[in-house]
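Enquirer: You'll find target-v3.cif just under this line, and it carries mmCIF, C-alpha atoms and all ligand atoms.
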data_model
loop_
_atom_site.label_atom_id
_atom_site.label_comp_id
_atom_site.auth_asym_id
_atom_site.auth_seq_id
_atom_site.Cartn_x
_atom_site.Cartn_y
_atom_site.Cartn_z
CA MET Z 1362 61.57 119.30 93.92
CA LYS Z 1363 62.95 116.79 91.36
CA THR Z 1364 61.35 113.36 90.92
CA PRO Z 1365 63.12 110.79 93.13
CA ILE Z 1366 65.46 108.38 91.36
CA ARG Z 1367 65.54 104.72 92.32
CA VAL Z 1368 68.91 103.42 93.45
CA ALA Z 1369 69.30 99.68 93.89
CA VAL Z 1370 72.18 98.58 96.11
CA THR Z 1371 73.15 94.92 96.49
CA GLY Z 1372 75.00 93.66 99.54
CA ALA Z 1373 73.34 96.52 101.37
CA ALA Z 1374 73.93 95.04 104.83
CA GLY Z 1375 77.62 94.42 104.19
CA GLN Z 1376 80.69 96.44 105.14
CA ILE Z 1377 80.69 98.68 102.08
CA GLY Z 1378 76.92 99.05 102.25
CA TYR Z 1379 77.19 100.44 105.76
CA SER Z 1380 79.50 103.22 104.60
CA LEU Z 1381 77.69 103.80 101.32
CA LEU Z 1382 73.97 104.09 101.97
CA PHE Z 1383 74.19 107.09 104.27
CA ARG Z 1384 76.29 108.98 101.73
CA ILE Z 1385 73.75 108.30 98.97
CA ALA Z 1386 70.85 109.32 101.21
CA SER Z 1387 72.65 112.51 102.24
CA GLY Z 1388 72.97 113.67 98.62
CA ALA Z 1389 76.71 113.07 98.19
CA MET Z 1390 76.24 110.81 95.18
CA PHE Z 1391 73.46 112.45 93.15
CA GLY Z 1392 73.57 116.00 94.46
CA PRO Z 1393 71.88 118.05 97.17
CA ASP Z 1394 68.63 118.52 95.20
CA GLN Z 1395 68.09 114.97 93.98
CA PRO Z 1396 65.72 112.84 96.09
CA VAL Z 1397 66.35 109.09 96.13
CA ILE Z 1398 64.48 105.89 96.87
CA LEU Z 1399 66.85 103.18 98.10
CA GLN Z 1400 66.10 99.64 96.95
CA LEU Z 1401 68.21 97.47 99.21
CA LEU Z 1402 68.94 93.94 98.11
CA GLU Z 1403 70.51 91.29 100.30
CA ALA Z 1404 71.21 87.60 100.00
CA PRO Z 1405 68.30 85.38 101.13
CA VAL Z 1406 70.05 84.68 104.43
CA GLU Z 1407 68.30 85.32 107.74
CA LYS Z 1408 71.26 87.01 109.38
CA ALA Z 1409 71.85 89.36 106.43
CA LEU Z 1410 68.18 90.30 106.15
CA LYS Z 1411 67.97 90.96 109.89
CA ALA Z 1412 71.07 93.16 109.66
CA LEU Z 1413 69.46 94.96 106.71
CA GLU Z 1414 66.46 95.79 108.90
CA GLY Z 1415 68.83 97.45 111.35
CA VAL Z 1416 70.52 99.46 108.60
CA ALA Z 1417 67.12 100.63 107.32
CA MET Z 1418 66.17 101.65 110.87
CA GLU Z 1419 69.34 103.74 111.09
CA LEU Z 1420 68.63 105.35 107.72
CA ASP Z 1421 65.18 106.30 109.04
CA ASP Z 1422 66.77 107.69 112.18
CA CYS Z 1423 68.96 110.05 110.15
CA ALA Z 1424 65.84 111.88 108.88
CA PHE Z 1425 67.57 112.58 105.55
CA PRO Z 1426 65.39 115.11 103.65
CA LEU Z 1427 66.33 113.52 100.28
CA LEU Z 1428 65.44 109.95 101.25
CA LYS Z 1429 61.93 109.31 99.94
CA GLY Z 1430 61.64 105.57 100.51
CA ILE Z 1431 63.45 102.37 101.44
CA ILE Z 1432 62.71 98.94 99.99
CA GLN Z 1433 64.29 95.90 101.66
CA THR Z 1434 64.30 92.63 99.78
CA SER Z 1435 66.13 89.45 98.91
CA GLN Z 1436 64.35 89.23 95.54
CA PRO Z 1437 66.26 90.76 92.61
CA GLU Z 1438 62.98 91.29 90.71
CA ILE Z 1439 61.87 93.65 93.47
CA GLY Z 1440 65.28 95.14 94.23
CA PHE Z 1441 66.01 96.15 90.63
CA LYS Z 1442 62.44 97.08 89.62
CA ASP Z 1443 62.50 100.41 87.76
CA ALA Z 1444 65.96 101.17 89.18
CA ASN Z 1445 67.77 104.08 87.51
CA TRP Z 1446 71.07 103.08 89.08
CA CYS Z 1447 72.06 99.55 90.09
CA LEU Z 1448 75.08 99.49 92.41
CA LEU Z 1449 76.32 95.90 92.50
CA VAL Z 1450 78.33 95.60 95.69
CA GLY Z 1451 77.02 92.29 97.07
CA ALA Z 1452 79.66 89.58 96.64
CA LYS Z 1453 82.23 87.76 98.75
CA PRO Z 1454 85.34 89.75 99.67
CA ARG Z 1455 88.74 88.05 99.51
CA GLY Z 1456 90.76 87.13 102.57
CA PRO Z 1457 94.52 87.23 103.24
CA GLY Z 1458 96.63 85.43 100.66
CA MET Z 1459 93.93 85.44 97.98
CA GLU Z 1460 93.84 87.32 94.68
CA ARG Z 1461 90.55 88.90 93.61
CA ALA Z 1462 90.36 86.53 90.63
CA ASP Z 1463 90.13 83.66 93.15
CA LEU Z 1464 86.60 84.93 93.85
CA LEU Z 1465 85.43 84.43 90.27
CA LYS Z 1466 84.02 80.94 90.80
CA ASP Z 1467 81.78 82.02 93.68
CA ASN Z 1468 81.00 85.60 92.72
CA GLY Z 1469 80.76 85.24 88.92
CA LYS Z 1470 77.41 83.47 89.01
CA ILE Z 1471 75.81 86.23 91.10
CA PHE Z 1472 76.32 88.58 88.15
CA ILE Z 1473 74.70 86.22 85.65
CA GLY Z 1474 71.39 86.28 87.49
CA GLN Z 1475 71.58 89.94 88.37
CA GLY Z 1476 72.49 90.92 84.79
CA GLN Z 1477 69.41 89.09 83.53
CA VAL Z 1478 67.02 90.58 86.06
CA ILE Z 1479 68.36 94.11 85.65
CA ASP Z 1480 67.91 93.80 81.90
CA ALA Z 1481 64.33 92.62 82.44
CA VAL Z 1482 63.05 95.02 85.11
CA ALA Z 1483 65.29 98.07 85.61
CA ALA Z 1484 64.37 101.50 84.23
CA ALA Z 1485 64.92 102.28 80.54
CA ASP Z 1486 67.76 104.65 81.50
CA ALA Z 1487 69.36 102.21 83.97
CA ARG Z 1488 73.07 102.52 84.70
CA ILE Z 1489 75.00 99.76 86.42
CA ALA Z 1490 78.16 100.10 88.50
CA VAL Z 1491 79.95 96.95 89.68
CA VAL Z 1492 82.08 96.88 92.82
CA GLY Z 1493 81.95 93.18 93.83
CA ASN Z 1494 85.25 91.51 92.94
CA PRO Z 1495 86.74 90.77 90.54
CA ALA Z 1496 84.87 93.91 89.48
CA ASN Z 1497 85.93 94.18 85.82
CA THR Z 1498 85.09 90.62 84.91
CA ASN Z 1499 81.92 90.57 87.00
CA CYS Z 1500 80.82 93.66 85.09
CA MET Z 1501 81.57 91.92 81.79
CA ILE Z 1502 79.51 88.93 83.02
CA ALA Z 1503 76.52 91.09 83.96
CA ALA Z 1504 76.67 92.98 80.66
CA SER Z 1505 76.87 89.70 78.74
CA GLN Z 1506 73.38 88.82 80.00
CA ALA Z 1507 71.75 92.04 78.80
CA LYS Z 1508 69.83 92.26 75.55
CA ARG Z 1509 67.97 95.52 76.17
CA LEU Z 1510 70.59 97.60 77.98
CA PRO Z 1511 73.70 98.38 75.91
CA PRO Z 1512 77.16 97.42 77.20
CA GLU Z 1513 78.25 101.01 77.84
CA ARG Z 1514 75.67 101.22 80.64
CA PHE Z 1515 77.72 98.67 82.62
CA THR Z 1516 80.74 100.14 84.38
CA ALA Z 1517 83.23 98.64 86.83
CA MET Z 1518 84.79 100.64 89.63
CA VAL Z 1519 88.50 101.46 89.38
CA ARG Z 1520 88.09 104.82 91.10
CA LEU Z 1521 89.50 103.55 94.38
CA ASP Z 1522 92.74 102.85 92.52
CA GLN Z 1523 92.73 106.34 91.01
CA ASN Z 1524 92.20 107.88 94.44
CA ARG Z 1525 94.94 105.74 95.94
CA ALA Z 1526 97.37 106.66 93.16
CA GLN Z 1527 96.58 110.36 93.53
CA THR Z 1528 97.45 110.31 97.22
CA GLN Z 1529 100.65 108.32 96.63
CA LEU Z 1530 101.91 110.84 94.06
CA ALA Z 1531 101.00 113.82 96.24
CA LYS Z 1532 102.83 112.34 99.23
CA LYS Z 1533 105.94 111.57 97.19
CA ALA Z 1534 106.01 115.08 95.70
CA GLY Z 1535 105.11 116.73 99.03
CA VAL Z 1536 102.18 118.61 97.50
CA ASP Z 1537 98.49 118.96 98.23
CA LEU Z 1538 96.66 116.11 96.54
CA THR Z 1539 94.28 118.46 94.74
CA THR Z 1540 97.23 119.58 92.58
CA VAL Z 1541 97.50 116.05 91.09
CA LYS Z 1542 95.37 115.80 87.95
CA ASP Z 1543 94.83 113.68 84.82
CA LEU Z 1544 95.78 110.46 86.57
CA PHE Z 1545 94.04 107.43 85.11
CA ILE Z 1546 93.95 103.72 85.86
CA TYR Z 1547 94.18 101.35 82.92
CA GLY Z 1548 93.14 97.71 82.92
CA ASN Z 1549 92.08 95.38 85.69
CA HIS Z 1550 91.29 96.19 89.32
CA SER Z 1551 94.12 93.87 90.36
CA PRO Z 1552 97.88 94.09 90.91
CA THR Z 1553 98.33 94.30 87.12
CA MET Z 1554 96.47 97.62 86.86
CA PHE Z 1555 98.48 100.48 85.43
CA PRO Z 1556 98.32 103.94 87.04
CA ALA Z 1557 99.56 105.96 84.04
CA PHE Z 1558 101.83 108.45 85.77
CA ALA Z 1559 103.43 109.85 82.59
CA HIS Z 1560 100.25 111.68 81.56
CA ALA Z 1561 99.39 112.85 85.06
CA THR Z 1562 100.27 116.37 86.15
CA ILE Z 1563 101.17 118.10 89.39
CA ASN Z 1564 100.41 121.82 89.39
CA GLY Z 1565 100.13 121.55 85.59
CA ARG Z 1566 103.57 119.98 85.10
CA PRO Z 1567 104.00 116.37 83.93
CA VAL Z 1568 104.56 114.05 86.89
CA PRO Z 1569 107.93 112.75 85.59
CA ALA Z 1570 109.19 116.35 85.56
CA VAL Z 1571 108.21 116.80 89.22
CA ILE Z 1572 109.02 113.31 90.53
CA THR Z 1573 112.26 112.49 88.71
CA ASP Z 1574 112.76 109.14 90.45
CA THR Z 1575 111.78 106.96 87.46
CA GLU Z 1576 112.64 103.77 89.33
CA TRP Z 1577 110.10 104.70 92.02
CA LEU Z 1578 107.41 105.64 89.49
CA GLN Z 1579 107.80 102.43 87.50
CA GLY Z 1580 108.38 100.21 90.51
CA ARG Z 1581 107.23 101.05 94.03
CA PHE Z 1582 104.49 103.45 92.94
CA CYS Z 1583 102.77 100.99 90.57
CA GLU Z 1584 103.18 98.21 93.13
CA ASN Z 1585 101.86 100.26 96.04
CA VAL Z 1586 98.73 101.16 94.11
CA GLY Z 1587 98.22 97.66 92.69
CA LYS Z 1588 98.66 95.94 96.03
CA ARG Z 1589 96.98 98.48 98.27
CA GLY Z 1590 93.87 96.33 98.68
CA ALA Z 1591 95.96 93.42 99.99
CA ALA Z 1592 97.87 95.76 102.33
CA ILE Z 1593 94.58 96.92 103.81
CA ILE Z 1594 93.34 93.36 104.27
CA GLU Z 1595 96.64 92.55 105.99
CA ALA Z 1596 96.39 95.53 108.34
CA ARG Z 1597 92.65 95.60 108.97
CA GLY Z 1598 91.81 91.94 108.79
CA ALA Z 1599 89.03 92.84 106.34
CA SER Z 1600 88.90 94.39 102.92
CA SER Z 1601 88.62 98.12 102.38
CA ALA Z 1602 85.09 99.34 102.98
CA ALA Z 1603 84.81 103.06 103.77
CA SER Z 1604 87.30 104.01 101.05
CA ALA Z 1605 85.54 101.68 98.60
CA ALA Z 1606 82.17 103.27 99.40
CA ASN Z 1607 83.74 106.71 98.98
CA ALA Z 1608 85.19 105.68 95.62
CA LEU Z 1609 81.75 104.53 94.47
CA VAL Z 1610 80.31 107.89 95.45
CA ASP Z 1611 83.07 109.51 93.34
CA HIS Z 1612 82.55 107.05 90.45
CA VAL Z 1613 78.83 107.80 90.16
CA ARG Z 1614 79.12 111.50 90.98
CA SER Z 1615 81.66 111.92 88.16
CA LEU Z 1616 79.46 109.89 85.80
CA VAL Z 1617 76.52 112.23 86.40
CA THR Z 1618 78.64 115.38 86.08
CA PRO Z 1619 79.15 116.48 82.44
CA GLY Z 1620 82.76 117.39 81.74
CA ALA Z 1621 84.22 115.26 84.55
CA ILE Z 1622 87.26 113.24 83.48
CA HIS Z 1623 88.01 110.13 85.49
CA SER Z 1624 88.89 106.43 85.37
CA VAL Z 1625 86.12 103.92 84.77
CA GLY Z 1626 86.11 100.21 83.91
CA VAL Z 1627 84.28 100.09 80.56
CA LYS Z 1628 83.96 97.79 77.57
CA SER Z 1629 87.28 98.44 75.92
CA ASN Z 1630 86.21 98.25 72.25
CA ASN Z 1631 89.93 97.82 71.44
CA HIS Z 1632 90.94 101.22 72.82
CA TYR Z 1633 94.60 101.30 73.84
CA GLY Z 1634 95.01 97.80 72.39
CA PHE Z 1635 92.75 96.06 74.90
CA ASP Z 1636 90.79 93.06 73.73
CA ALA Z 1637 87.45 94.41 72.50
CA ASN Z 1638 85.35 92.36 74.90
CA VAL Z 1639 87.02 92.97 78.23
CA TRP Z 1640 86.05 95.67 80.70
CA ALA Z 1641 89.22 97.71 81.25
CA GLY Z 1642 89.92 100.79 83.34
CA LEU Z 1643 90.21 103.69 80.86
CA PRO Z 1644 90.11 107.48 80.98
CA VAL Z 1645 86.63 108.81 80.21
CA ARG Z 1646 84.95 112.18 79.90
CA THR Z 1647 81.33 112.41 81.05
CA THR Z 1648 79.21 113.84 78.23
CA THR Z 1649 75.63 113.95 79.54
CA PRO Z 1650 74.56 112.62 82.95
CA GLY Z 1651 75.22 108.86 82.95
CA SER Z 1652 76.99 108.85 79.55
CA TYR Z 1653 80.66 109.17 78.68
CA GLU Z 1654 83.23 108.96 75.93
CA VAL Z 1655 86.58 107.23 76.24
CA ILE Z 1656 89.54 109.60 75.91
CA THR Z 1657 91.62 107.85 73.27
CA THR Z 1658 94.38 110.34 72.62
CA TYR Z 1659 97.08 109.48 75.16
CA ALA Z 1660 100.28 108.13 73.57
CA MET Z 1661 101.88 105.21 75.42
CA ASP Z 1662 105.64 104.65 75.76
CA ASP Z 1663 107.23 101.19 75.77
CA PHE Z 1664 106.95 100.83 79.55
CA ALA Z 1665 103.26 101.72 79.46
CA LYS Z 1666 102.66 99.38 76.52
CA SER Z 1667 104.16 96.45 78.42
CA LYS Z 1668 101.95 97.22 81.45
CA LEU Z 1669 98.84 97.47 79.27
CA ALA Z 1670 99.67 94.17 77.60
CA ALA Z 1671 100.00 92.41 80.97
CA THR Z 1672 96.77 93.73 82.42
CA ASN Z 1673 94.93 93.01 79.16
CA GLN Z 1674 96.18 89.42 79.24
CA GLU Z 1675 94.84 88.97 82.76
CA LEU Z 1676 91.41 90.26 81.71
CA VAL Z 1677 91.41 87.95 78.69
CA ASP Z 1678 92.33 85.02 80.95
CA GLU Z 1679 89.55 85.88 83.41
CA ARG Z 1680 87.09 86.03 80.56
CA ALA Z 1681 88.25 82.62 79.32
CA PHE Z 1682 87.84 81.25 82.86
CA VAL Z 1683 84.13 82.16 82.88
CA ALA Z 1684 83.47 81.37 79.21
CA ASP Z 1685 81.11 78.51 80.14
CA LEU Z 1686 79.19 80.74 82.52
CA ILE Z 1687 78.46 83.50 80.03
CA LYS Z 1688 77.35 81.29 77.14
P1 LIG Z 1701 80.70 92.02 102.93
O1 LIG Z 1701 80.88 90.54 103.03
O2 LIG Z 1701 80.83 92.85 104.15
O3 LIG Z 1701 79.26 92.32 102.31
C1 LIG Z 1701 78.81 91.69 101.16
C2 LIG Z 1701 77.31 91.58 101.31
O4 LIG Z 1701 76.80 91.07 100.09
C3 LIG Z 1701 76.87 90.61 102.43
O5 LIG Z 1701 75.97 91.28 103.29
C4 LIG Z 1701 76.20 89.49 101.66
O6 LIG Z 1701 75.10 88.91 102.38
C5 LIG Z 1701 75.72 90.22 100.40
N1 LIG Z 1701 75.47 89.35 99.25
C6 LIG Z 1701 76.11 88.22 98.89
N2 LIG Z 1701 75.54 87.71 97.79
C7 LIG Z 1701 74.52 88.53 97.45
C8 LIG Z 1701 73.57 88.52 96.41
N3 LIG Z 1701 73.53 87.55 95.50
N4 LIG Z 1701 72.69 89.54 96.36
C9 LIG Z 1701 72.69 90.53 97.26
N5 LIG Z 1701 73.56 90.58 98.29
C10 LIG Z 1701 74.48 89.59 98.37
O7 LIG Z 1701 81.67 92.53 101.77
P2 LIG Z 1701 82.11 94.03 101.45
O8 LIG Z 1701 83.32 94.36 102.25
O9 LIG Z 1701 80.93 94.92 101.52
O10 LIG Z 1701 82.61 93.85 99.93
C11 LIG Z 1701 81.71 93.56 98.90
C12 LIG Z 1701 82.47 93.27 97.60
O11 LIG Z 1701 83.13 94.45 97.15
C13 LIG Z 1701 83.55 92.21 97.71
O12 LIG Z 1701 83.55 91.37 96.56
C14 LIG Z 1701 84.83 93.02 97.75
O13 LIG Z 1701 85.96 92.27 97.35
C15 LIG Z 1701 84.48 94.12 96.78
N6 LIG Z 1701 85.30 95.33 96.83
C16 LIG Z 1701 85.60 95.92 95.64
C17 LIG Z 1701 86.35 97.10 95.61
C18 LIG Z 1701 86.70 97.76 94.31
O14 LIG Z 1701 87.49 98.72 94.34
N7 LIG Z 1701 86.18 97.37 93.16
C19 LIG Z 1701 86.78 97.66 96.82
C20 LIG Z 1701 86.46 97.03 98.02
C21 LIG Z 1701 85.71 95.87 98.01
C1 LIG Z 1702 90.42 96.82 97.35
O1 LIG Z 1702 91.09 97.15 96.37
O2 LIG Z 1702 90.63 97.29 98.48
C2 LIG Z 1702 89.31 95.82 97.16
O3 LIG Z 1702 89.25 95.36 95.84
C3 LIG Z 1702 89.34 94.71 98.14
C4 LIG Z 1702 90.45 93.73 97.84
O4 LIG Z 1702 90.16 92.52 97.79
O5 LIG Z 1702 91.58 94.15 97.67
#
How does the structure come out when it is put into structure tokens?
Expert:
Amino acid sequence: MKTPIRVAVTGAAGQIGYSLLFRIASGAMFGPDQPVILQLLEAPVEKALKALEGVAMELDDCAFPLLKGIIQTSQPEIGFKDANWCLLVGAKPRGPGMERADLLKDNGKIFIGQGQVIDAVAAADARIAVVGNPANTNCMIAASQAKRLPPERFTAMVRLDQNRAQTQLAKKAGVDLTTVKDLFIYGNHSPTMFPAFAHATINGRPVPAVITDTEWLQGRFCENVGKRGAAIIEARGASSAASAANALVDHVRSLVTPGAIHSVGVKSNNHYGFDANVWAGLPVRTTTPGSYEVITTYAMDDFAKSKLAATNQELVDERAFVADLIK
């Protein structure tokens, strides 16, 4: 039996938390032979902590063989102590009519404190995945507070967008979604994100050769993917939760699986012309468990370049908006 890994999850009593924790404890995220200890962190609010007790009771009642312990706390120093993975979900979701960037004022400061505590107390090999919105900039904020942990350990989730885009292309082409490959999300987890359809393939053929409706690819497709979160809020009255939890399972699973290629929000380091200090969705290849390299070889046409420029500008603007916070 492997040594258990410690997985800290913030916002553990929230909507995403409720779909996420049971998947982690079942082995879906780290594999069927990897025991886990869940370190569940909630806001210091009576109602949230009471709800967390209920969630922990349900986890107990599942009798998951891989679940070797549950810590419940509102103290980041306890929640992140020795954590190998820190899954930062806890943050306000947006409501109808809002953009995710509207959350920056409230949510941004959460990631200052958490970035500092993670850097101080998490395990030497700690990896951080940010889901709370706006995820890319919150990830940049958390990373900005770290002196010990290098920036590449901090990743933002754009996998939900990749999954959404994959399904949209499969439906349009009338094919099984497993035949859609090499589809990556560039830029911000916002309506400006760019699902780069030109490099994606369906049954090994370039997408534009299979779906010849360029107007749809450049227009409706990009818009459907970019605005899917708002469409769900409109329909459900609450932001996506089960699909977000599922995407986080995919995000981490791919990051611990050498050879996996997938979209991750990472420090751009100027790849694809992004500002060096923003966290942009980019194609990556996992090298060793928890580590990755950015795939830098895709050529961009003029349409793609204009989309990358727009999403980069939004990330730069978000960074400027929180400049005082990250000093
Ligand atoms: P929710 O309101 O149901 O749950 C959030 C939980 O976080 C609450 O229980 C709250 O008490 C807790 N929380 C707040 N501040 C905290 C703190 N400082 N420390 C620990 N816990 C804290 O919201 P949700 O539906 O679970 O969504 C969570 C976040 O994820 C939102 O910001 C949402 O917009 C975002 N989200 C991102 C994606 C993505 O693809 N990146 C997808 C869906 C949702
Ligand atoms: C999503 O994409 O579903 C989430 O980021 C929630 C939102 O605010 O859209």
Enquirer: Quick one: residues within 7 Å of ligand LIG 1701 (chain Z), with all atoms listed in the file, as an MDAnalysis selection string?
Expert: chainID Z and resid 1371:1378 1402:1404 1406 1409 1435 1450:1455 1461 1471 1492:1496 1518:1522 1550 1600:1602 1605
Enquirer: Between Z:Glu1654, Z:Glu1460, Z:Glu1438, Z:Asp1611, which one has atoms that come closest to ligand LIG 1702 (chain Z), using all atoms listed in the file?
Expert: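 Of Z:Glu1654, Z:Glu1460, Z:Glu1438, Z:Asp1611, the one nearest ligand LIG 1702 (chain Z), counting all atoms listed in the file, is Z:Glu1460.
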Enquirer: Of the candidates Z:Ala1665, Z:Ala1671, Z:Val1613, Z:Cys1583, which shows the shortest atom-to-atom distance to Z:His1560, using all atoms listed in the file?
Expert: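 Among the listed residues, Z:Ala1665 lies closest to Z:His1560.
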Enquirer: Nearest to Z:Tyr1547 among Z:Lys1668, Z:Arg1581, Z:Lys1363, Z:Lys1508, with distances taken over all atoms listed in the file: which residue is it?
Expert: Z:Lys1668
Enquirer: With 5 Å added on each side, what axis-aligned box encloses every listed atom of ligand LIG 1702 (chain Z)? Give the centre and edge lengths in Å to one decimal, as AutoDock Vina command-line options.
Expert:
--center_x 90.4 --center_y 94.9 --center_z 97.2 --size_x 12.3 --size_y 14.8 --size_z 12.6
Enquirer: One decimal, in Å: what's the spacing between atom CA of Z:Val1625 and atom CA of Z:Ala1596?
Expert: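 Interatomic distance here is 27.0 Å.
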Enquirer: Near stretch 1486-1490 of chain Z, counting all atoms listed in the file, which residues have an atom at most 12 Å away, once you skip same-chain residues fewer than 6 positions from it, shown as a count of residues only?
Expert: 59
Enquirer: Between Z:Lys1666, Z:Lys1628, Z:Lys1588, Z:Lys1533, which has the minimum distance to Z:Val1571 (counting all atoms listed in the file)?
Expert: Z:Lys1533
Enquirer: Looking at Z:Ala1559, Z:Ala1485, Z:Ala1641, Z:Leu1676, which one is nearest to Z:Leu1578, with distances taken over only C-alpha atoms?
Expert: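 Ranking Z:Ala1559, Z:Ala1485, Z:Ala1641, Z:Leu1676 by distance to Z:Leu1578, first place goes to Z:Ala1559.
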Enquirer: Please provide as JSON, numbers by chain all residues within 10 Å of Z:Thr1364, with the sequence filter that same-chain residues fewer than 2 positions apart are discarded (counting all atoms listed in the file).
Expert: {"Z": [1362, 1366, 1367, 1394, 1395, 1396, 1397, 1429]}
Enquirer: Can you pull out the residues contacting Z:Asn1585? Cut-off 9 Å, using all atoms listed in the file, and skip same-chain residues under 3 positions away; I want them as a list of chain:residue names.
Expert: Z:Arg1525, Z:Ala1526, Z:Gln1529, Z:Pro1552, Z:Gly1580, Z:Arg1581, Z:Phe1582, Z:Lys1588, Z:Arg1589, Z:Ala1592
Enquirer: For atom CA of Z:Ile1687 and atom CA of Z:Asp1467, quote the distance in Å rounded to one decimal.
Expert: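 Taking atom CA of Z:Ile1687 and atom CA of Z:Asp1467, their separation equals 14.1 Å.
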Enquirer: Work out how far apart atom CA of Z:Cys1423 and atom CA of Z:Ala1386 are and give it in Å to one decimal.
Expert: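 According to the coordinates, atom CA of Z:Cys1423 and atom CA of Z:Ala1386 are separated by 9.2 Å.
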Enquirer: Which one of Z:Thr1649, Z:Ser1551, Z:Ser1624, Z:Asn1673 sits closest to ligand LIG 1702 (chain Z) if you count only C-alpha atoms and all ligand atoms?
Expert: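 Closest residue, counting only C-alpha atoms and all ligand atoms: Z:Ser1551.
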Enquirer: For stretch 1414-1416 of chain Z, find every residue with an atom within 8 Å (counting only C-alpha atoms), except residues of its own chain fewer than 4 positions away, and show them as a short mmCIF file (atom, residue, chain, number, x, y, z; two decimals) with C-alpha atoms, in the frame of the given file.
Expert:
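And here's out_15.cif as it stands now:
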data_model
loop_
_atom_site.label_atom_id
_atom_site.label_comp_id
_atom_site.auth_asym_id
_atom_site.auth_seq_id
_atom_site.Cartn_x
_atom_site.Cartn_y
_atom_site.Cartn_z
CA ALA Z 1374 73.93 95.04 104.83
CA TYR Z 1379 77.19 100.44 105.76
CA LEU Z 1410 68.18 90.30 106.15
CA LEU Z 1420 68.63 105.35 107.72
CA GLN Z 1433 64.29 95.90 101.66
#
